[in-house]
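The structure file input-v4.txt is reproduced below (compact mmCIF, C-alpha atoms and all ligand atoms).
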```txt
# COMPACT_ATOMS: atom_id res chain seq x y z
CA MET S 13 -0.49 -6.47 16.75
CA THR S 14 0.74 -7.24 13.28
CA SER S 15 -0.22 -5.04 10.37
CA SER S 16 -2.12 -6.14 7.32
CA LEU S 17 0.32 -6.45 4.47
CA ARG S 18 -0.25 -4.59 1.24
CA THR S 19 1.48 -6.13 -1.75
CA TYR S 20 2.00 -4.73 -5.25
CA ARG S 21 3.45 -6.14 -8.45
CA VAL S 22 5.80 -4.25 -10.72
CA GLY S 23 7.07 -6.36 -13.61
CA ASP S 24 8.58 -9.48 -12.04
CA ALA S 25 9.00 -7.80 -8.65
CA THR S 26 6.69 -8.21 -5.67
CA ILE S 27 6.63 -5.21 -3.36
CA THR S 28 5.18 -5.34 0.16
CA ALA S 29 4.58 -2.47 2.55
CA ILE S 30 5.75 -3.29 6.09
CA HIS S 31 4.12 -0.74 8.36
CA GLU S 32 6.35 -0.23 11.38
CA MET S 33 4.54 2.54 13.27
CA SER S 34 2.71 5.82 12.82
CA ILE S 35 3.99 9.21 13.93
CA GLU S 36 1.08 11.12 15.41
CA GLY S 37 0.69 14.52 16.93
CA PHE S 38 2.36 16.66 14.28
CA ASP S 39 0.45 19.86 13.79
CA ALA S 40 -0.05 20.03 10.04
CA GLY S 41 0.69 23.75 9.86
CA ALA S 42 3.93 23.28 11.79
CA LEU S 43 5.01 20.34 9.65
CA PHE S 44 4.36 22.30 6.44
CA PRO S 45 5.06 25.94 7.41
CA THR S 46 4.26 27.39 3.96
CA LEU S 47 1.11 25.36 3.31
CA ASP S 48 -2.27 27.04 3.18
CA LEU S 49 -4.28 24.25 4.81
CA GLN S 50 -7.41 25.28 2.92
CA VAL S 51 -5.74 24.02 -0.23
CA LEU S 52 -6.07 20.52 1.20
CA SER S 53 -9.84 20.61 0.87
CA ASP S 54 -9.80 22.23 -2.58
CA PRO S 55 -11.37 19.61 -4.86
CA ALA S 56 -8.80 20.51 -7.55
CA ALA S 57 -6.06 19.15 -5.29
CA GLY S 58 -7.74 15.76 -5.35
CA ILE S 59 -6.77 14.89 -1.77
CA ALA S 60 -8.67 11.79 -0.63
CA PRO S 61 -10.82 11.99 2.52
CA ASP S 62 -8.40 9.77 4.45
CA GLN S 63 -5.56 12.16 3.62
CA GLN S 64 -7.30 15.33 4.74
CA VAL S 65 -6.01 17.39 7.62
CA ARG S 66 -8.16 19.82 9.58
CA GLN S 67 -7.09 23.37 10.28
CA GLY S 68 -4.92 23.09 13.37
CA GLY S 69 -5.29 19.34 13.24
CA ASP S 70 -2.70 16.66 13.58
CA ILE S 71 -1.19 14.87 10.67
CA VAL S 72 -0.46 11.15 10.88
CA LEU S 73 2.65 9.88 9.13
CA PRO S 74 3.00 6.13 8.75
CA VAL S 75 6.55 4.82 8.77
CA THR S 76 6.89 2.30 5.96
CA VAL S 77 9.64 -0.14 5.11
CA TRP S 78 9.41 -1.46 1.57
CA LEU S 79 10.14 -5.14 1.01
CA VAL S 80 11.02 -5.80 -2.61
CA ARG S 81 11.42 -9.30 -3.97
CA THR S 82 12.85 -9.58 -7.47
CA LEU S 83 13.79 -12.79 -9.26
CA ARG S 84 17.28 -12.52 -7.71
CA HIS S 85 17.13 -10.34 -4.64
CA VAL S 86 15.33 -9.78 -1.35
CA ILE S 87 15.59 -6.07 -0.69
CA LEU S 88 14.53 -3.65 2.01
CA ILE S 89 14.18 0.00 1.12
CA ASP S 90 14.75 1.98 4.33
CA THR S 91 14.55 0.35 7.72
CA GLY S 92 12.22 2.39 9.92
CA VAL S 93 12.92 3.46 13.49
CA GLY S 94 14.07 0.17 15.04
CA ASN S 95 13.57 -1.23 18.51
CA GLY S 96 15.21 -0.25 21.77
CA LYS S 97 16.93 2.87 20.46
CA LYS S 98 17.42 5.89 22.69
CA ARG S 99 15.95 8.85 20.84
CA GLY S 100 15.25 12.43 21.76
CA HIS S 101 11.77 12.41 20.24
CA ALA S 102 9.36 10.47 22.48
CA ALA S 103 7.60 8.92 19.47
CA PHE S 104 10.80 7.09 18.52
CA ASN S 105 12.32 6.42 21.93
CA HIS S 106 12.87 2.79 22.94
CA LEU S 107 10.27 1.31 20.61
CA SER S 108 9.18 -2.28 20.81
CA THR S 109 7.30 -3.01 17.61
CA PRO S 110 6.64 -6.40 15.96
CA PHE S 111 8.50 -5.33 12.81
CA LEU S 112 10.49 -8.56 12.49
CA GLN S 113 7.31 -10.63 13.03
CA ASP S 114 5.63 -8.63 10.29
CA LEU S 115 8.58 -9.32 8.03
CA ALA S 116 8.24 -13.02 8.89
CA GLU S 117 4.54 -12.82 8.09
CA ALA S 118 5.59 -11.60 4.65
CA GLY S 119 7.77 -14.72 4.37
CA VAL S 120 11.16 -13.16 4.99
CA ARG S 121 13.73 -13.90 7.70
CA PRO S 122 16.46 -11.33 8.41
CA SER S 123 19.05 -13.70 6.93
CA ASP S 124 17.09 -13.78 3.63
CA VAL S 125 17.62 -10.07 2.98
CA ASP S 126 20.58 -9.54 0.66
CA MET S 127 20.28 -5.80 0.01
CA VAL S 128 19.29 -2.86 2.18
CA LEU S 129 18.87 0.41 0.29
CA LEU S 130 18.78 3.65 2.29
CA THR S 131 17.22 6.78 0.82
CA HIS S 132 18.72 8.94 3.56
CA ILE S 133 19.92 8.84 7.15
CA HIS S 134 17.11 10.04 9.37
CA VAL S 135 15.77 8.48 12.55
CA ASP S 136 12.78 6.86 10.80
CA HIS S 137 14.73 5.37 7.88
CA VAL S 138 17.74 3.54 9.29
CA GLY S 139 16.69 2.07 12.65
CA TRP S 140 16.39 -1.61 11.79
CA ASN S 141 19.83 -1.51 10.19
CA THR S 142 20.90 -2.86 13.57
CA GLN S 143 19.52 -4.52 16.66
CA LEU S 144 20.92 -4.98 20.13
CA ILE S 145 22.51 -8.44 20.46
CA ASP S 146 24.70 -9.28 23.46
CA ASN S 147 24.64 -5.62 24.44
CA GLU S 148 26.09 -4.59 21.10
CA TRP S 149 24.45 -2.99 18.04
CA GLN S 150 24.80 -5.55 15.27
CA CYS S 151 23.50 -5.76 11.70
CA THR S 152 19.89 -7.03 11.75
CA PHE S 153 20.38 -8.42 8.24
CA PRO S 154 23.65 -10.35 8.51
CA ASN S 155 23.83 -11.35 4.84
CA ALA S 156 22.86 -8.01 3.36
CA THR S 157 24.95 -5.38 1.68
CA TYR S 158 23.71 -1.98 2.82
CA HIS S 159 23.77 0.79 0.23
CA CYS S 160 23.77 4.50 1.04
CA SER S 161 24.80 7.69 -0.71
CA GLU S 162 28.41 8.58 0.09
CA LEU S 163 27.37 12.21 0.43
CA GLU S 164 24.70 11.22 2.97
CA LEU S 165 27.23 9.20 4.94
CA GLU S 166 29.60 12.18 5.02
CA THR S 167 26.95 14.68 6.05
CA CYS S 168 25.09 12.59 8.65
CA ALA S 169 28.08 12.05 10.87
CA GLY S 170 26.95 15.10 12.85
CA ASP S 171 23.90 13.24 14.09
CA ARG S 172 25.88 11.15 16.55
CA GLU S 173 23.00 9.26 18.15
CA ILE S 174 21.79 7.73 14.90
CA PHE S 175 25.27 7.30 13.49
CA VAL S 176 26.61 5.44 16.52
CA ASP S 177 23.84 2.83 16.86
CA SER S 178 22.54 2.46 13.28
CA ILE S 179 25.31 3.38 10.81
CA GLU S 180 28.70 2.89 12.40
CA PRO S 181 28.10 -0.81 13.25
CA VAL S 182 27.22 -1.46 9.59
CA ILE S 183 30.38 0.29 8.41
CA SER S 184 32.61 -1.50 10.90
CA SER S 185 31.14 -4.87 9.91
CA GLY S 186 32.20 -4.15 6.32
CA ARG S 187 28.61 -4.37 5.04
CA MET S 188 28.16 -0.72 3.98
CA ARG S 189 28.67 0.15 0.33
CA LYS S 190 28.82 3.80 -0.66
CA VAL S 191 26.70 4.89 -3.62
CA ALA S 192 28.29 7.55 -5.84
CA ALA S 193 26.90 11.01 -5.13
CA ALA S 194 25.90 11.37 -8.78
CA GLY S 195 23.68 8.27 -8.56
CA GLU S 196 24.38 4.77 -9.73
CA GLU S 197 22.82 1.55 -10.96
CA ILE S 198 23.80 -0.88 -8.22
CA VAL S 199 22.48 -4.04 -9.88
CA ASP S 200 20.52 -4.63 -13.07
CA GLY S 201 17.28 -2.67 -12.86
CA ILE S 202 17.91 -0.95 -9.52
CA ARG S 203 19.22 2.58 -9.55
CA PHE S 204 19.86 5.29 -6.98
CA GLU S 205 19.21 8.82 -8.20
CA PRO S 206 19.96 12.01 -6.28
CA THR S 207 16.89 13.90 -5.02
CA PRO S 208 18.52 16.34 -2.60
CA GLY S 209 16.80 18.88 -0.40
CA HIS S 210 15.23 16.91 2.43
CA THR S 211 18.82 16.03 3.25
CA LYS S 212 21.94 16.85 1.26
CA GLY S 213 22.53 13.30 0.08
CA HIS S 214 18.90 12.16 -0.19
CA MET S 215 18.40 9.64 -2.99
CA SER S 216 15.37 8.00 -4.53
CA ILE S 217 15.44 4.44 -5.76
CA VAL S 218 14.16 3.38 -9.16
CA LEU S 219 13.28 -0.24 -9.89
CA THR S 220 12.71 -1.36 -13.46
CA SER S 221 11.43 -4.84 -14.22
CA SER S 222 9.95 -6.16 -17.46
CA ASN S 223 9.24 -2.65 -18.75
CA ALA S 224 7.46 -1.62 -15.55
CA THR S 225 8.89 0.96 -13.17
CA ALA S 226 8.55 1.62 -9.44
CA TYR S 227 9.83 4.87 -7.96
CA PHE S 228 10.64 4.92 -4.24
CA GLY S 229 10.78 8.59 -3.31
CA GLY S 230 11.82 8.31 0.36
CA ASP S 231 11.14 11.72 1.89
CA LEU S 232 10.94 13.58 -1.40
CA ALA S 233 7.36 14.18 -0.23
CA HIS S 234 5.52 13.45 3.03
CA HIS S 235 1.96 14.10 1.87
CA PRO S 236 0.10 14.09 -1.48
CA ILE S 237 -0.46 17.84 -1.15
CA GLN S 238 3.21 18.22 -2.10
CA VAL S 239 2.41 16.62 -5.45
CA TYR S 240 -0.26 19.24 -6.08
CA ASP S 241 2.03 21.99 -4.76
CA PRO S 242 5.70 20.94 -5.02
CA SER S 243 6.76 24.22 -3.40
CA VAL S 244 5.57 22.90 0.00
CA SER S 245 8.48 21.47 2.01
CA SER S 246 8.37 19.93 5.46
CA LYS S 247 10.07 21.63 8.37
CA PHE S 248 12.56 18.75 8.32
CA CYS S 249 13.84 19.60 4.85
CA ILE S 250 17.37 20.97 5.22
CA GLU S 251 17.27 22.83 1.89
CA PRO S 252 13.61 23.53 1.00
CA ASP S 253 14.39 25.19 -2.36
CA GLU S 254 16.48 22.22 -3.41
CA ALA S 255 13.73 19.84 -2.24
CA GLU S 256 11.21 21.75 -4.36
CA ARG S 257 13.47 21.50 -7.41
CA SER S 258 13.84 17.76 -6.83
CA ARG S 259 10.05 17.33 -6.63
CA HIS S 260 9.49 19.31 -9.83
CA ARG S 261 12.12 17.29 -11.66
CA VAL S 262 10.76 13.91 -10.53
CA PHE S 263 7.06 14.71 -10.93
CA ALA S 264 7.64 16.15 -14.42
CA ARG S 265 9.28 12.91 -15.46
CA LEU S 266 6.74 10.58 -13.85
CA ALA S 267 3.61 12.54 -14.75
CA ASP S 268 1.09 10.69 -16.89
CA THR S 269 3.31 7.61 -17.18
CA ASP S 270 2.67 4.12 -15.81
CA THR S 271 5.43 4.51 -13.21
CA LEU S 272 4.14 3.75 -9.73
CA TYR S 273 5.30 6.08 -6.97
CA PHE S 274 5.89 4.38 -3.60
CA SER S 275 5.77 6.83 -0.71
CA SER S 276 7.18 6.29 2.77
CA HIS S 277 4.81 8.49 4.75
CA PHE S 278 1.60 9.20 2.83
CA SER S 279 -1.44 8.53 4.97
CA GLY S 280 -4.11 6.49 3.20
CA GLU S 281 -2.90 4.71 0.08
CA LEU S 282 0.90 4.72 -0.11
CA VAL S 283 1.19 3.92 -3.81
CA GLY S 284 -0.08 5.81 -6.80
CA ARG S 285 0.68 7.68 -9.97
CA ILE S 286 1.50 11.29 -10.69
CA VAL S 287 -0.96 12.70 -13.22
CA THR S 288 -1.54 16.18 -14.58
CA ALA S 289 -4.83 18.05 -14.55
CA HIS S 290 -5.41 21.73 -15.39
CA GLY S 291 -1.69 22.38 -15.59
CA ARG S 292 -0.87 20.95 -12.16
CA TYR S 293 0.26 17.61 -10.80
CA ARG S 294 -2.15 15.43 -8.91
CA TRP S 295 -1.71 12.34 -6.80
CA GLU S 296 -3.78 9.46 -8.06
CA PRO S 297 -3.83 6.71 -5.43
CA LEU S 298 -3.63 3.25 -6.89
CA LYS S 299 -6.89 2.08 -5.32
CA GLN S 300 -8.89 4.75 -7.10
CA GLN S 301 -7.28 3.81 -10.33
CA THR S 302 -7.95 0.11 -10.05
CA MET S 303 -11.56 0.82 -9.03
CA ARG S 304 -12.29 2.40 -12.42
ZN ZN S 401 10.97 10.10 6.92
```

Now, as a test, write the supplied structure out as C-alpha cells.
Ligand SMILES: [Zn+2]
Amino acid sequence: MTSSLRTYRVGDATITAIHEMSIEGFDAGALFPTLDLQVLSDPAAGIAPDQQVRQGGDIVLPVTVWLVRTLRHVILIDTGVGNGKKRGHAAFNHLSTPFLQDLAEAGVRPSDVDMVLLTHIHVDHVGWNTQLIDNEWQCTFPNATYHCSELELETCAGDREIFVDSIEPVISSGRMRKVAAAGEEIVDGIRFEPTPGHTKGHMSIVLTSSNATAYFGGDLAHHPIQVYDPSVSSKFCIEPDEAERSRHRVFARLADTDTLYFSSHFSGELVGRIVTAHGRYRWEPLKQQTMR
C-alpha cells in the first residue's frame, strides 16, 4: 500500500514526506526513561490527541524520508530502513516496503536524486542508501553525492552490520562526501550543523530559500514532549546530556520564528513550529496553525 504524500513549501523548495514504515511496540516509559508520562496529558504541554501515549502504552514512531526539491537539486534527507537488510531488531529485518514506488508517486526516480544528506548513521536513517543488485549492495541513487558528518563516519564503523551494507558500498563507489565536523554549507542555502548527543556526529540540516527556513532535526527529538521538556532523551541517545544541550540550543534559536521544524519520527503532524508559552517551549503542529 502506498502512503498519502504530505507536501510543504518553504521558499522555492517543495518538501514531501515519504513515509517508509512505522516502528510499533516501544513502551513509552522504556523509550523515554526519565519522562513522567503524566506530563504528556498536561494541557500546558500542548500535546495533540494523536500524539498522546497512555501510561504503559506503546509509542508509534513513523520513519520518514524527506524529499526536498529546490530549483537546482533533488535531495533526500535520510534514507529510512531499506529493503532486504538483515537486522537484529525484528521491526527492521528483511523489510519489503514500497518506498521506491512512493518516491515514484512523488515524481522522482532514483536516478533523479542528486544529493543524499544523512543526519546520522542509525538503522532507520541510512537503509535506502543501497539496494541489493546482482547479489551486491549498490547505491540506490546512482547519480547522487551522499553527504555525512566525518565524525559520524568515524564513530559508526563499530556498527558493522549497517556499515557493511549501507555505508561501505557508498564509500567504495566514491559517492560519499564527508561533511566537516564543525558543520558546513554544502551548497547555497543548505547547511549541516552539529547537534550531537543522539550520536556523536549527529547533524541537523538547515535549508534556506527565499528568506524562508526549514530545519530538519533528524533524531534531535523523537516526540513533541521533548520540545516541552528538552531534558527528556530517548534510550537510544548515546550522550543524553549533550542531546539535551543540543535541543536547548536549537529550540532557543527557532522559538517564535517562522522556521518550520521537520521531524523524522513525530507521530501525528511531522512539521511545525517551536513557540514559547509560560516560559517553556511548545510544539505547534503546522495543521493547527493553518487552521487558525
Ligand atoms: Zn531515528

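Going from atom CA of S:Asp62 over to atom CA of S:Gly280, you cover 5.5 Å.
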
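With atom CA of S:Thr269 on one side and atom CA of S:Thr46 on the other, the separation reads 29.0 Å.
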
Task: Pick from S:Leu79, S:Ile30, S:Val72, S:Leu232 nearest to ligand ZN 401 (chain S), counting all atoms listed in the file - done: S:Leu232

Task: Nearby polymer residues, ligand ZN 401 (chain S), at most 8 Å, only C-alpha atoms and all ligand atoms, as a VMD selection string - done: chain S and resid 75 134 to 137 230 to 231 234 276 to 277

Task: Contact residues around S:Glu148 with only C-alpha atoms at 10 Å, ignoring same-chain residues under 6 positions, as a ChimeraX atom specification - done: /S:142,177,181

Open item on the list: Can you measure atom CA of S:Phe263 to atom CA of S:Ile89 for me? One decimal in Å is fine.
Closed with: 20.3 Å

Open item on the list: With distances taken over only C-alpha atoms, which residue among S:Val287, S:Val244, S:Cys160, S:Leu115 lies nearest S:Arg187?
Closed with: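 For S:Arg187, the nearest of the candidates is S:Cys160.
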